[in-house]
Structures are given as structure tokens and as C-alpha cells.
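Undergrad: If you scroll down you'll find the structure; I have some questions about it.
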Amino acid sequence: MAENATEWFDDYAESAEGVNDVVIDEYDITATPNDFNVMTLNSFIELGAVRIPGFQRNFVWDIGRSSKLIESLLLGLPVPQLFLYEQSRNKFLVIDGQQRLMSIYYFMKQRFPRKSKRSQLRLIFEKYGKIPDEILYDDEYFETFNLKLPSQLPDHKNKFHGLNYSTLGEFQTALNLRPMRNIVVKQNDPSDDDSSMYEIFNRLNTGGVNLKPQEIRTSMYHSKFYEMLYKINREEKWRDFIGSKEPDIHMKDIEILLRSFAMLIDGDKYKPSMIKFLNQFSKKCENHKESQNDYLESLFKSFLSACENLPPDIFKNKNNNRFNIAIFEAIFYAASKKAFNNRETIRERINYESITMLANDKDFVEASLEGTTRANNIKRRLERAEILITLE
């Protein structure tokens, strides 16, 4: 387990500035009610049209609670509505309703997930968009899903108790056609900026957890580029610099890597807010060819090699021992820029004294004290780093 997610870094990233600058009335957002039936919702999951965001918790309901949901649908009782975010045509993210949707999916598959395997199953579901049959029918992961319902009276057995999807008889069609109210939220304009998603998720998600920007972003823009970020986030030297062996539960370390690449590649185009900038960069990286992701991975590893002579705390503030995002971002930019422009990797090592000079540079320090995500301050920091950081 990583250290407390708010303890190991200095708050130079977007969590300090920019999160609350999303003004909802700047966006054209619609919320449309629909009544998809159970069979349609199950088909959406099967076809990968509905996806569970990465920040959502694992499936946590027990078989009794899932059984009660199915019973309510069979009896025509009202159930809570679902909230879906429409990313594009026939592509939805679940804002609220994961437990209900997955209960339906598992019941129609006639398999119920074992509690000890749910974290693994979540990763499998996220990778494939569904549970492959070889996993679904593996008793190590699943048990048979027979409805587990209490009797209303000692001598009166619940008529659905012990049934599964295939043994529902005449009730199977009724279940298939039972409508469930869902609200589809869609941002119509601007079409190239998904920043309102943060407010939509934070206001509608009922999990009781304040979501971090990177948790939402990772779900919205999952791509091969992000898989590369996850991979380099495990690099031992990088973990030493961060000061935590395990990845951060709120993905702050992924955010730092994302922001560093974004500044290296598109820093000259930066304008506030940081949320919008990183969203747009993430969206752009969805279209990366495999060769580009491979190159960026090699470039980052060469940067770590260029840091071999540096102590593990080199990117930390001396007064509080927290990771200094501003100085890391600037040094990564300065050390990598020439190699990136020539599509090469870094072959030299970073001069230790030049890092000390940068950390004590008046212009750099002033640009790091406040308004750290303002365009002029970011530009000043990157320019000073490019001048002062040397390789040898």
C-alpha cells in the first residue's frame, strides 16, 4: 500500500489549482431519460457499449442483495434509476448503478463472483469488456447463481428462491422485457472538451468519495498510451524518486508522468486550465501508434538512466521531504527536449550541480510559489530549466 496519497507530493499539480474552475453553465449538457429493458442493458454490457470506469469500486453486493434486485424486477417493483454518461454513439460510462448492472449481467450468465476474486475479475472485465467464458465457468472464480431469497412465512417458500435464469420458465421473458429507467448524460458542446465530466461524476456518483481528476481522466481516455504510463510507473528508479514502492491509489504518480510528457510534447501550446490541457493531451494520445508509445517508454527509461548518479531525494523539497512536481517536470523537460526533437534517447547523465542551481534560481522559485499552473509561470520554469540543466 502506498503512503497517504496527500502526503508524498507538494501540491503543484491540478489538485491545487484548476479543479474548481469548471463552470457548468459554459457547457451544453443534456440528461435524457430512457427505459432500456433488462435484455438491452445486458446486451450493452456484452458488446462493450457500457463500461465501468476505473475509479469505481469493485462489485461488492452479496448474492442475497443481488437476488432481491432480480426479484424486484420479476415482480415489477420500482428500482433506482441508472446514470450513464454518453462518450460517443453507443459508448457509455456508468456514473451510478454498477452494482445493479453487474447483478443483472451475472444473473443472466448464471454465475456469481466469489468475493476473494473480485479485484482480479474487475481487471479482467476492464481488459476485455466482459468476462471470458474460460473465467466465467471456472469454479475458482464463480459459483452458480441461484436466487437466494428469504421466505415471507415459515411455511410459505418464496416462489423464486433457488431458481436461476434458465429455470425461470414463463418469468424469463418478463424479466428480459422489464424496463429500467436510466438517465443518459451527454455533453453536446464543446465537443472537444470533456471537462464538465468532473462535475457530472462528482455530483451524481453516490459512492461518497471525492474523485480525483486523474481517476476520472484515466477512465475517460484509457488507451495504449496509458498502459505505457502504468508500465513505467512501476520502474524501480522512479518509485525510489517518488518515495513509495506501490502506485498511488488516486493515481497522482500517473498524473505526474502524464503532465511531464504533456509539457515535453505540447508545452508550447499550454494554456489554462490544467484540467483541459491534460484532458486534450490524453485524448490526443488515444491515437498514438504503438511505435510512438514504445519510443516514449524508451525515452523515459533513458531519462532514469541519466539520473543514475543522483540521490533518491533529488526531486524532493528539503524542508518537508515531499516530491516536488514543478522541479521534476522542468528537469524532465530540459533533459529530454533535444533527444525528443531528434527522436533519440538520452545518452548523457544529468549534472547534479545544475539541478541545485535550478532549485535555487530566483526566477524558477518565483514561478513556483503561486499561480503554478498559469501559462507564464510554466513557461518561465521550463525556460529556466532549459538554460540551467546540463548533461555530461
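Identifiers for the C-alpha cells are assigned positionally: chains receive A, B, ... in sequence, residues are indexed from 1 per chain, and ligands are indexed from 1 in the order shown.
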Among stretch 26-215 of chain A, which residues does DSSP mark as helix (DSSP H, G or I) when it is run on the backbone? Keep the chain and numbering as in the structure and answer as a PyMOL selection string.

TA: chain A and resi 26+38-46+63-75+98-109+115-128+133-136+165-167+171-177+196-204+213-215

Undergrad: Which residues are near stretch 58-63 of chain A? Cut-off 12 Å, only C-alpha atoms, ignore same chain within fewer than 5 positions. Put them as a ChimeraX atom specification.

TA: /A:52-53,68-70,97-107,110-126,142-150,161-162,207

Undergrad: Can you write out the residues you just picked, keeping N, CA and C atoms, as a compact mmCIF listing (two decimals), in the first residue's frame?

TA:
```
# COMPACT_ATOMS: atom_id res chain seq x y z
N ILE A 52 -17.52 0.13 -17.09
CA ILE A 52 -17.42 0.58 -15.70
C ILE A 52 -16.13 1.38 -15.55
N PRO A 53 -16.19 2.66 -15.17
CA PRO A 53 -14.96 3.46 -15.04
C PRO A 53 -13.98 2.85 -14.05
N LYS A 68 -32.38 -9.99 -4.46
CA LYS A 68 -33.51 -9.11 -4.19
C LYS A 68 -33.75 -8.15 -5.35
N LEU A 69 -32.67 -7.69 -5.99
CA LEU A 69 -32.83 -6.83 -7.17
C LEU A 69 -33.56 -7.60 -8.28
N ILE A 70 -33.10 -8.83 -8.55
CA ILE A 70 -33.73 -9.63 -9.60
C ILE A 70 -35.19 -9.89 -9.25
N GLY A 97 -24.75 3.02 -10.69
CA GLY A 97 -25.58 1.84 -10.98
C GLY A 97 -24.78 0.59 -11.29
N GLN A 98 -23.47 0.63 -10.99
CA GLN A 98 -22.62 -0.53 -11.31
C GLN A 98 -23.14 -1.81 -10.66
N GLN A 99 -23.49 -1.75 -9.38
CA GLN A 99 -23.88 -2.96 -8.65
C GLN A 99 -25.14 -3.57 -9.27
N ARG A 100 -26.09 -2.72 -9.66
CA ARG A 100 -27.32 -3.22 -10.29
C ARG A 100 -27.05 -3.82 -11.66
N LEU A 101 -26.28 -3.13 -12.46
CA LEU A 101 -25.98 -3.64 -13.80
C LEU A 101 -25.24 -4.97 -13.75
N MET A 102 -24.23 -5.05 -12.88
CA MET A 102 -23.46 -6.28 -12.81
C MET A 102 -24.26 -7.43 -12.21
N SER A 103 -25.19 -7.11 -11.31
CA SER A 103 -26.07 -8.16 -10.78
C SER A 103 -26.89 -8.77 -11.90
N ILE A 104 -27.42 -7.93 -12.77
CA ILE A 104 -28.20 -8.42 -13.92
C ILE A 104 -27.32 -9.25 -14.84
N TYR A 105 -26.12 -8.73 -15.13
CA TYR A 105 -25.19 -9.44 -16.03
C TYR A 105 -24.85 -10.82 -15.47
N TYR A 106 -24.51 -10.88 -14.19
CA TYR A 106 -24.13 -12.16 -13.59
C TYR A 106 -25.32 -13.12 -13.51
N PHE A 107 -26.52 -12.59 -13.23
CA PHE A 107 -27.68 -13.48 -13.16
C PHE A 107 -27.97 -14.10 -14.52
N GLN A 110 -25.78 -16.71 -15.16
CA GLN A 110 -26.00 -17.79 -14.19
C GLN A 110 -24.75 -18.10 -13.36
N ARG A 111 -23.93 -17.09 -13.17
CA ARG A 111 -22.70 -17.23 -12.39
C ARG A 111 -22.57 -16.04 -11.45
N PHE A 112 -22.10 -16.31 -10.19
CA PHE A 112 -21.94 -15.24 -9.22
C PHE A 112 -20.48 -15.21 -8.77
N PRO A 113 -19.86 -14.03 -8.76
CA PRO A 113 -18.42 -13.95 -8.46
C PRO A 113 -18.08 -14.24 -7.00
N ARG A 114 -17.03 -15.02 -6.80
CA ARG A 114 -16.57 -15.27 -5.44
C ARG A 114 -15.89 -14.01 -4.89
N LYS A 115 -16.12 -13.72 -3.64
CA LYS A 115 -15.65 -12.49 -3.03
C LYS A 115 -14.14 -12.32 -3.13
N SER A 116 -13.42 -13.43 -2.98
CA SER A 116 -11.94 -13.36 -2.97
C SER A 116 -11.36 -13.05 -4.34
N LYS A 117 -12.18 -13.16 -5.39
CA LYS A 117 -11.66 -12.99 -6.75
C LYS A 117 -12.14 -11.70 -7.42
N ARG A 118 -12.84 -10.87 -6.70
CA ARG A 118 -13.50 -9.73 -7.35
C ARG A 118 -12.53 -8.66 -7.85
N SER A 119 -11.44 -8.46 -7.13
CA SER A 119 -10.44 -7.50 -7.62
C SER A 119 -9.84 -7.98 -8.93
N GLN A 120 -9.53 -9.26 -9.01
CA GLN A 120 -8.99 -9.82 -10.25
C GLN A 120 -10.01 -9.75 -11.38
N LEU A 121 -11.26 -10.06 -11.04
CA LEU A 121 -12.32 -10.04 -12.04
C LEU A 121 -12.54 -8.64 -12.59
N ARG A 122 -12.36 -7.64 -11.72
CA ARG A 122 -12.51 -6.25 -12.18
C ARG A 122 -11.48 -5.92 -13.25
N LEU A 123 -10.25 -6.35 -13.05
CA LEU A 123 -9.20 -6.11 -14.02
C LEU A 123 -9.47 -6.87 -15.32
N ILE A 124 -9.97 -8.09 -15.18
CA ILE A 124 -10.30 -8.90 -16.37
C ILE A 124 -11.44 -8.24 -17.14
N PHE A 125 -12.47 -7.78 -16.42
CA PHE A 125 -13.61 -7.13 -17.06
C PHE A 125 -13.17 -5.85 -17.77
N GLU A 126 -12.28 -5.10 -17.13
CA GLU A 126 -11.82 -3.85 -17.72
C GLU A 126 -11.01 -4.11 -18.98
N PHE A 142 -16.08 -18.29 -9.88
CA PHE A 142 -17.53 -18.12 -9.81
C PHE A 142 -18.21 -19.34 -9.19
N GLU A 143 -19.39 -19.08 -8.65
CA GLU A 143 -20.29 -20.15 -8.25
C GLU A 143 -21.59 -20.00 -9.04
N THR A 144 -22.43 -21.02 -9.00
CA THR A 144 -23.71 -20.94 -9.70
C THR A 144 -24.60 -19.88 -9.05
N PHE A 145 -25.25 -19.06 -9.88
CA PHE A 145 -26.12 -18.01 -9.37
C PHE A 145 -27.56 -18.51 -9.34
N ASN A 146 -27.94 -19.11 -8.22
CA ASN A 146 -29.33 -19.44 -7.93
C ASN A 146 -29.86 -18.39 -6.97
N LEU A 147 -31.05 -17.89 -7.22
CA LEU A 147 -31.61 -16.85 -6.39
C LEU A 147 -31.70 -17.30 -4.93
N LYS A 148 -31.25 -16.43 -4.05
CA LYS A 148 -31.26 -16.70 -2.62
C LYS A 148 -32.19 -15.69 -1.96
N LEU A 149 -33.42 -16.13 -1.72
CA LEU A 149 -34.45 -15.22 -1.23
C LEU A 149 -35.12 -15.79 0.02
N PRO A 150 -35.33 -14.96 1.02
CA PRO A 150 -35.97 -15.43 2.26
C PRO A 150 -37.46 -15.68 2.04
N HIS A 161 -37.11 -18.49 -5.04
CA HIS A 161 -35.92 -19.00 -4.34
C HIS A 161 -35.38 -20.26 -5.01
N GLY A 162 -34.07 -20.27 -5.26
CA GLY A 162 -33.41 -21.43 -5.85
C GLY A 162 -33.43 -21.47 -7.37
N GLY A 207 -21.09 7.11 -4.54
CA GLY A 207 -20.16 6.31 -3.75
C GLY A 207 -19.66 7.02 -2.52
```

Undergrad: What does the distance from atom CA of A:Ile256 to atom CA of A:Asp96 come to in Å, to one decimal?

TA: 28.2 Å

Undergrad: To one decimal in Å, tell me the separation between atom CA of A:Phe340 and atom CA of A:Leu304.

TA: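 A separation of 14.8 Å between them.
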
Undergrad: Taking 4 positions as the minimum chain separation for residues in the same chain, which residues sit within 6 Å of stretch 33-44 of chain A when counting only C-alpha atoms? Answer as an NGL selection string.

TA: :A and (49-50 or 105 or 176-183)

Undergrad: Using C-alpha atoms, can you write the selected residues to a file as a CSV table (one decimal), in the first residue's frame?

TA:
```csv
chain,number,residue,atom,x,y,z
A,49,ALA,CA,-21.1,-0.4,-25.1
A,50,VAL,CA,-21.3,0.1,-21.4
A,105,TYR,CA,-25.2,-9.4,-16.0
A,176,ASN,CA,-36.0,-9.8,-20.3
A,177,LEU,CA,-38.6,-7.2,-21.2
A,178,ARG,CA,-38.7,-5.4,-17.8
A,179,PRO,CA,-37.7,-1.7,-18.3
A,180,MET,CA,-35.2,0.0,-16.1
A,181,ARG,CA,-35.2,3.8,-16.0
A,182,ASN,CA,-31.8,5.3,-16.9
A,183,ILE,CA,-30.6,8.8,-17.4
```

Undergrad: Please provide the set of residues having any atom within 10 Å of A:Arg259, restricted to only C-alpha atoms, with same-chain residues fewer than 5 positions apart removed, written as an MDAnalysis selection string.

TA: chainID A and resid 13:14 253:254 264:267 274 277:278 281:282 325 329

Undergrad: Just N, CA and C atoms for this one: save the residues we selected as a compact mmCIF listing (two decimals), in the first residue's frame.

TA:
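Listed below is the output, out_26.txt:
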```
# COMPACT_ATOMS: atom_id res chain seq x y z
N ALA A 13 0.31 20.25 -8.62
CA ALA A 13 -0.48 19.74 -9.74
C ALA A 13 -1.88 20.33 -9.71
N GLU A 14 -2.73 19.85 -10.61
CA GLU A 14 -4.01 20.45 -10.82
C GLU A 14 -4.93 20.38 -9.61
N ASP A 253 0.79 9.67 -9.12
CA ASP A 253 2.05 9.41 -9.82
C ASP A 253 1.82 9.31 -11.33
N ILE A 254 0.71 8.72 -11.75
CA ILE A 254 0.37 8.66 -13.17
C ILE A 254 0.14 10.06 -13.70
N LEU A 264 6.50 18.16 -22.26
CA LEU A 264 7.57 17.90 -23.22
C LEU A 264 7.07 18.00 -24.65
N ILE A 265 5.90 17.44 -24.91
CA ILE A 265 5.39 17.34 -26.28
C ILE A 265 4.58 18.56 -26.70
N ASP A 266 3.73 19.05 -25.79
CA ASP A 266 2.80 20.13 -26.17
C ASP A 266 2.89 21.33 -25.23
N GLY A 267 3.98 21.45 -24.48
CA GLY A 267 4.10 22.53 -23.52
C GLY A 267 4.00 23.91 -24.15
N MET A 274 -5.29 23.50 -16.35
CA MET A 274 -4.51 22.29 -16.44
C MET A 274 -5.41 21.08 -16.74
N PHE A 277 -6.04 21.03 -20.44
CA PHE A 277 -4.79 20.71 -21.14
C PHE A 277 -4.49 19.21 -21.08
N LEU A 278 -4.58 18.63 -19.89
CA LEU A 278 -4.28 17.21 -19.74
C LEU A 278 -5.38 16.33 -20.35
N PHE A 281 -4.61 16.44 -24.10
CA PHE A 281 -3.42 15.66 -24.40
C PHE A 281 -3.72 14.17 -24.31
N SER A 282 -4.49 13.77 -23.29
CA SER A 282 -4.86 12.36 -23.14
C SER A 282 -5.68 11.89 -24.34
N ILE A 325 6.80 18.39 -7.75
CA ILE A 325 6.37 18.15 -9.13
C ILE A 325 6.94 19.19 -10.08
N GLU A 329 9.18 18.06 -13.29
CA GLU A 329 8.63 18.35 -14.62
C GLU A 329 9.61 19.19 -15.45
```

Undergrad: Quick one: residues within 12 Å of stretch 343-358 of chain A, only C-alpha atoms counted, chain neighbours fewer than 5 positions away excluded, as a CSV table (one decimal) with N, CA and C atoms, in the first residue's frame?

TA:
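part_2.csv was written with the following content:
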```csv
chain,number,residue,atom,x,y,z
A,265,ILE,N,5.9,17.4,-24.9
A,265,ILE,CA,5.4,17.3,-26.3
A,265,ILE,C,4.6,18.6,-26.7
A,291,SER,N,4.5,2.4,-32.1
A,291,SER,CA,5.8,2.8,-32.2
A,291,SER,C,6.1,4.1,-31.4
A,292,GLN,N,5.1,5.0,-31.3
A,292,GLN,CA,5.2,6.2,-30.5
A,292,GLN,C,5.2,5.9,-29.1
A,294,ASP,N,6.1,3.1,-27.7
A,294,ASP,CA,7.4,2.4,-27.4
A,294,ASP,C,8.5,3.4,-27.3
A,295,TYR,N,8.5,4.4,-28.2
A,295,TYR,CA,9.6,5.4,-28.1
A,295,TYR,C,9.5,6.2,-26.8
A,296,LEU,N,8.3,6.6,-26.4
A,296,LEU,CA,8.2,7.4,-25.2
A,296,LEU,C,8.6,6.6,-24.0
A,297,GLU,N,8.3,5.3,-24.0
A,297,GLU,CA,8.8,4.5,-22.9
A,297,GLU,C,10.3,4.4,-22.9
A,298,SER,N,10.9,4.3,-24.0
A,298,SER,CA,12.4,4.2,-24.1
A,298,SER,C,13.0,5.5,-23.7
A,299,LEU,N,12.4,6.6,-24.1
A,299,LEU,CA,12.8,8.0,-23.7
A,299,LEU,C,12.8,8.1,-22.2
A,300,PHE,N,11.7,7.7,-21.5
A,300,PHE,CA,11.6,7.9,-20.1
A,300,PHE,C,12.6,7.0,-19.4
A,301,LYS,N,12.8,5.8,-19.9
A,301,LYS,CA,13.8,4.9,-19.2
A,301,LYS,C,15.2,5.5,-19.4
A,302,SER,N,15.5,6.1,-20.5
A,302,SER,CA,16.8,6.7,-20.7
A,302,SER,C,17.0,7.9,-19.8
A,303,PHE,N,15.8,8.6,-19.5
A,303,PHE,CA,15.9,9.7,-18.5
A,303,PHE,C,16.3,9.2,-17.1
A,304,LEU,N,15.7,8.0,-16.8
A,304,LEU,CA,16.0,7.4,-15.5
A,304,LEU,C,17.5,7.0,-15.4
A,305,SER,N,18.0,6.5,-16.6
A,305,SER,CA,19.4,6.2,-16.6
A,305,SER,C,20.3,7.4,-16.5
A,306,ALA,N,19.8,8.5,-17.0
A,306,ALA,CA,20.5,9.8,-16.9
A,306,ALA,C,20.5,10.3,-15.5
A,307,CYS,N,19.7,9.8,-14.7
A,307,CYS,CA,19.6,10.2,-13.3
A,307,CYS,C,20.3,9.2,-12.3
A,308,GLU,N,21.0,8.2,-12.9
A,308,GLU,CA,21.6,7.2,-12.0
A,308,GLU,C,22.6,7.7,-11.0
A,309,ASN,N,23.2,8.9,-11.3
A,309,ASN,CA,24.2,9.4,-10.4
A,309,ASN,C,23.5,10.4,-9.3
A,310,LEU,N,22.2,10.5,-9.4
A,310,LEU,CA,21.5,11.4,-8.5
A,310,LEU,C,20.9,10.7,-7.3
A,311,PRO,N,20.9,11.3,-6.1
A,311,PRO,CA,20.3,10.7,-4.9
A,311,PRO,C,18.8,10.5,-5.1
A,314,ILE,N,16.5,13.7,-4.8
A,314,ILE,CA,16.8,14.8,-5.6
A,314,ILE,C,15.6,15.7,-6.0
A,315,PHE,N,14.5,15.0,-6.2
A,315,PHE,CA,13.3,15.8,-6.6
A,315,PHE,C,12.4,16.1,-5.5
A,316,LYS,N,12.9,16.1,-4.2
A,316,LYS,CA,12.1,16.4,-3.1
A,316,LYS,C,12.5,17.7,-2.5
A,317,ASN,N,11.5,18.4,-1.9
A,317,ASN,CA,11.8,19.6,-1.2
A,317,ASN,C,12.5,19.3,0.1
A,318,LYS,N,13.6,20.0,0.4
A,318,LYS,CA,14.4,19.7,1.5
A,318,LYS,C,13.7,20.0,2.9
A,326,ALA,N,7.0,20.4,-9.7
A,326,ALA,CA,7.4,21.5,-10.5
A,326,ALA,C,8.9,21.3,-11.0
A,327,ILE,N,9.8,20.9,-10.0
A,327,ILE,CA,11.2,20.7,-10.4
A,327,ILE,C,11.4,19.5,-11.2
A,328,PHE,N,10.6,18.4,-10.9
A,328,PHE,CA,10.8,17.2,-11.7
A,328,PHE,C,10.3,17.4,-13.2
A,330,ALA,N,10.2,20.2,-14.8
A,330,ALA,CA,11.1,21.1,-15.5
A,330,ALA,C,12.4,20.3,-15.9
A,331,ILE,N,12.9,19.5,-15.0
A,331,ILE,CA,14.2,18.8,-15.3
A,331,ILE,C,13.9,17.7,-16.4
A,332,PHE,N,12.8,17.0,-16.3
A,332,PHE,CA,12.5,16.1,-17.4
A,332,PHE,C,12.4,16.7,-18.7
A,333,TYR,N,11.7,17.9,-18.7
A,333,TYR,CA,11.6,18.7,-20.0
A,333,TYR,C,13.0,19.1,-20.5
A,334,ALA,N,13.8,19.7,-19.7
A,334,ALA,CA,15.1,20.2,-20.1
A,334,ALA,C,16.0,19.0,-20.6
A,335,ALA,N,16.0,17.9,-19.8
A,335,ALA,CA,16.9,16.8,-20.2
A,335,ALA,C,16.5,16.0,-21.4
A,336,SER,N,15.2,16.0,-21.7
A,336,SER,CA,14.7,15.2,-22.7
A,336,SER,C,14.4,15.9,-24.0
A,337,LYS,N,14.3,17.3,-24.0
A,337,LYS,CA,13.8,18.0,-25.1
A,337,LYS,C,14.6,17.8,-26.4
A,338,LYS,N,16.0,17.9,-26.3
A,338,LYS,CA,16.8,17.7,-27.5
A,338,LYS,C,16.7,16.3,-28.1
A,363,ASP,N,14.3,33.2,-10.5
A,363,ASP,CA,13.1,33.2,-11.5
A,363,ASP,C,12.3,31.9,-11.3
A,364,PHE,N,13.0,30.8,-11.2
A,364,PHE,CA,12.3,29.5,-11.1
A,364,PHE,C,11.5,29.4,-9.8
A,365,VAL,N,12.1,29.9,-8.7
A,365,VAL,CA,11.4,29.8,-7.4
A,365,VAL,C,10.2,30.7,-7.4
A,366,GLU,N,10.3,31.9,-8.0
A,366,GLU,CA,9.2,32.8,-8.0
A,366,GLU,C,8.0,32.2,-8.8
A,367,ALA,N,8.4,31.5,-9.9
A,367,ALA,CA,7.4,30.9,-10.8
A,367,ALA,C,6.8,29.7,-10.2
A,368,SER,N,7.3,29.3,-9.0
A,368,SER,CA,6.8,28.0,-8.4
A,368,SER,C,6.1,28.3,-7.1
A,380,ARG,N,8.1,30.2,-17.8
A,380,ARG,CA,9.3,30.6,-17.1
A,380,ARG,C,10.1,29.4,-16.5
A,381,ARG,N,9.4,28.5,-15.9
A,381,ARG,CA,10.1,27.4,-15.3
A,381,ARG,C,10.7,26.5,-16.3
A,382,LEU,N,10.0,26.2,-17.4
A,382,LEU,CA,10.6,25.4,-18.4
A,382,LEU,C,11.8,26.1,-19.1
A,383,GLU,N,11.7,27.4,-19.3
A,383,GLU,CA,12.8,28.1,-19.9
A,383,GLU,C,14.0,28.2,-19.0
A,384,ARG,N,13.8,28.4,-17.7
A,384,ARG,CA,15.0,28.4,-16.8
A,384,ARG,C,15.6,27.1,-16.8
A,385,ALA,N,14.8,26.0,-16.8
A,385,ALA,CA,15.4,24.7,-16.7
A,385,ALA,C,16.2,24.4,-18.0
A,386,GLU,N,15.7,24.8,-19.1
A,386,GLU,CA,16.4,24.5,-20.4
A,386,GLU,C,17.7,25.3,-20.4
A,387,ILE,N,17.8,26.4,-19.8
A,387,ILE,CA,19.1,27.2,-19.7
A,387,ILE,C,20.0,26.6,-18.7
A,388,LEU,N,19.5,26.2,-17.5
A,388,LEU,CA,20.4,25.8,-16.4
A,388,LEU,C,20.8,24.3,-16.4
A,389,ILE,N,19.9,23.4,-16.8
A,389,ILE,CA,20.2,22.0,-16.7
A,389,ILE,C,21.1,21.5,-17.8
A,390,THR,N,22.2,20.9,-17.4
A,390,THR,CA,23.2,20.4,-18.3
A,390,THR,C,23.4,18.9,-18.2
A,391,LEU,N,23.8,18.3,-19.3
A,391,LEU,CA,24.1,16.9,-19.3
A,391,LEU,C,25.6,16.7,-19.5
A,392,GLU,N,26.2,15.6,-19.0
A,392,GLU,CA,27.6,15.4,-19.1
A,392,GLU,C,27.9,13.9,-19.4
```

Undergrad: When DSSP works through the backbone of this structure, what residues of stretch 157-346 of chain A end up as strand (DSSP E or B), shown as a PyMOL selection string?

TA: chain A and resi 179-189+316+323

Undergrad: For N, CA and C atoms, I'd like the residues from the last selection saved as a PDB file, in the first residue's frame.

TA:
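Listing of selection36.pdb after writing:
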```pdb
ATOM      1  N   PRO A 179     -38.510  -2.980 -18.107  1.00  0.00           N
ATOM      2  CA  PRO A 179     -37.748  -1.740 -18.322  1.00  0.00           C
ATOM      3  C   PRO A 179     -37.081  -1.250 -17.043  1.00  0.00           C
ATOM      4  N   MET A 180     -35.920  -0.634 -17.217  1.00  0.00           N
ATOM      5  CA  MET A 180     -35.231   0.043 -16.114  1.00  0.00           C
ATOM      6  C   MET A 180     -34.984   1.479 -16.536  1.00  0.00           C
ATOM      7  N   ARG A 181     -35.418   2.397 -15.702  1.00  0.00           N
ATOM      8  CA  ARG A 181     -35.202   3.809 -16.018  1.00  0.00           C
ATOM      9  C   ARG A 181     -33.718   4.156 -15.902  1.00  0.00           C
ATOM     10  N   ASN A 182     -33.204   4.822 -16.928  1.00  0.00           N
ATOM     11  CA  ASN A 182     -31.818   5.281 -16.895  1.00  0.00           C
ATOM     12  C   ASN A 182     -31.768   6.692 -17.435  1.00  0.00           C
ATOM     13  N   ILE A 183     -30.848   7.466 -16.917  1.00  0.00           N
ATOM     14  CA  ILE A 183     -30.645   8.840 -17.357  1.00  0.00           C
ATOM     15  C   ILE A 183     -29.322   8.895 -18.116  1.00  0.00           C
ATOM     16  N   VAL A 184     -29.376   9.248 -19.381  1.00  0.00           N
ATOM     17  CA  VAL A 184     -28.169   9.349 -20.202  1.00  0.00           C
ATOM     18  C   VAL A 184     -27.724  10.807 -20.227  1.00  0.00           C
ATOM     19  N   VAL A 185     -26.558  11.065 -19.667  1.00  0.00           N
ATOM     20  CA  VAL A 185     -25.990  12.409 -19.617  1.00  0.00           C
ATOM     21  C   VAL A 185     -25.010  12.561 -20.775  1.00  0.00           C
ATOM     22  N   LYS A 186     -25.149  13.656 -21.501  1.00  0.00           N
ATOM     23  CA  LYS A 186     -24.289  13.872 -22.669  1.00  0.00           C
ATOM     24  C   LYS A 186     -23.870  15.324 -22.744  1.00  0.00           C
ATOM     25  N   GLN A 187     -22.585  15.544 -23.033  1.00  0.00           N
ATOM     26  CA  GLN A 187     -22.096  16.895 -23.287  1.00  0.00           C
ATOM     27  C   GLN A 187     -22.130  17.128 -24.788  1.00  0.00           C
ATOM     28  N   ASN A 188     -22.950  18.084 -25.215  1.00  0.00           N
ATOM     29  CA  ASN A 188     -23.108  18.364 -26.642  1.00  0.00           C
ATOM     30  C   ASN A 188     -22.091  19.370 -27.160  1.00  0.00           C
ATOM     31  N   ASP A 189     -21.740  20.312 -26.303  1.00  0.00           N
ATOM     32  CA  ASP A 189     -20.840  21.375 -26.746  1.00  0.00           C
ATOM     33  C   ASP A 189     -20.088  21.932 -25.536  1.00  0.00           C
ATOM     34  N   LYS A 316      12.885  16.052  -4.245  1.00  0.00           N
ATOM     35  CA  LYS A 316      12.065  16.357  -3.078  1.00  0.00           C
ATOM     36  C   LYS A 316      12.461  17.688  -2.474  1.00  0.00           C
ATOM     37  N   PHE A 323       7.737  15.157  -2.679  1.00  0.00           N
ATOM     38  CA  PHE A 323       8.110  15.180  -4.084  1.00  0.00           C
ATOM     39  C   PHE A 323       7.681  16.509  -4.701  1.00  0.00           C
TER      40      PHE A 323
END
```

Undergrad: I'd like the neighbourhood of A:Lys91 as a PyMOL selection string, where a residue qualifies if any of its atoms comes within 9 Å (using only C-alpha atoms), though same-chain residues fewer than 2 positions away should be ignored.

TA: chain A and resi 44+48-51+85-89+93

Undergrad: Filtering to C-alpha atoms, could you give me those residues as a PDB file, in the first residue's frame?

TA:
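Below is the file selection08.pdb, written as the result:
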```
ATOM      1  CA  PHE A  44     -24.854  -3.296 -23.898  1.00  0.00           C
ATOM      2  CA  GLY A  48     -18.770  -3.438 -24.550  1.00  0.00           C
ATOM      3  CA  ALA A  49     -21.061  -0.449 -25.136  1.00  0.00           C
ATOM      4  CA  VAL A  50     -21.333   0.114 -21.369  1.00  0.00           C
ATOM      5  CA  ARG A  51     -18.089   0.340 -19.423  1.00  0.00           C
ATOM      6  CA  TYR A  85     -22.501   9.171 -19.471  1.00  0.00           C
ATOM      7  CA  GLU A  86     -22.545   9.020 -23.284  1.00  0.00           C
ATOM      8  CA  GLN A  87     -18.969   9.384 -24.511  1.00  0.00           C
ATOM      9  CA  SER A  88     -19.913   8.783 -28.139  1.00  0.00           C
ATOM     10  CA  ARG A  89     -22.573   6.937 -30.091  1.00  0.00           C
ATOM     11  CA  LEU A  93     -19.643   5.079 -18.900  1.00  0.00           C
TER      12      LEU A  93
END
```

Undergrad: Hey, can you check how far atom CA of A:Pro312 sits from atom CA of A:Glu255?

TA: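 If I compute the distance from atom CA of A:Pro312 to atom CA of A:Glu255, I get 19.8 Å.
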
Undergrad: Choose the residue, out of A:Glu215, A:Leu258, A:Glu246, A:Glu71, that has the smallest atom-to-atom separation from A:Phe160; count only C-alpha atoms.

TA: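 Looking only at the distances to A:Phe160, the closest residue turns out to be A:Glu71.
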
Undergrad: Find, counting only C-alpha atoms, the residue in A:Ile200, A:Cys285, A:Met263, A:Ala174 that gets nearest to A:Lys224.

TA: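 Comparing A:Ile200, A:Cys285, A:Met263, A:Ala174 against A:Lys224, the winner is A:Cys285.
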
Undergrad: Using only C-alpha atoms, can you tell me which of A:Thr373, A:Ser67, A:Asn319, A:Asn293 comes closest to A:Leu163?

TA: A:Ser67
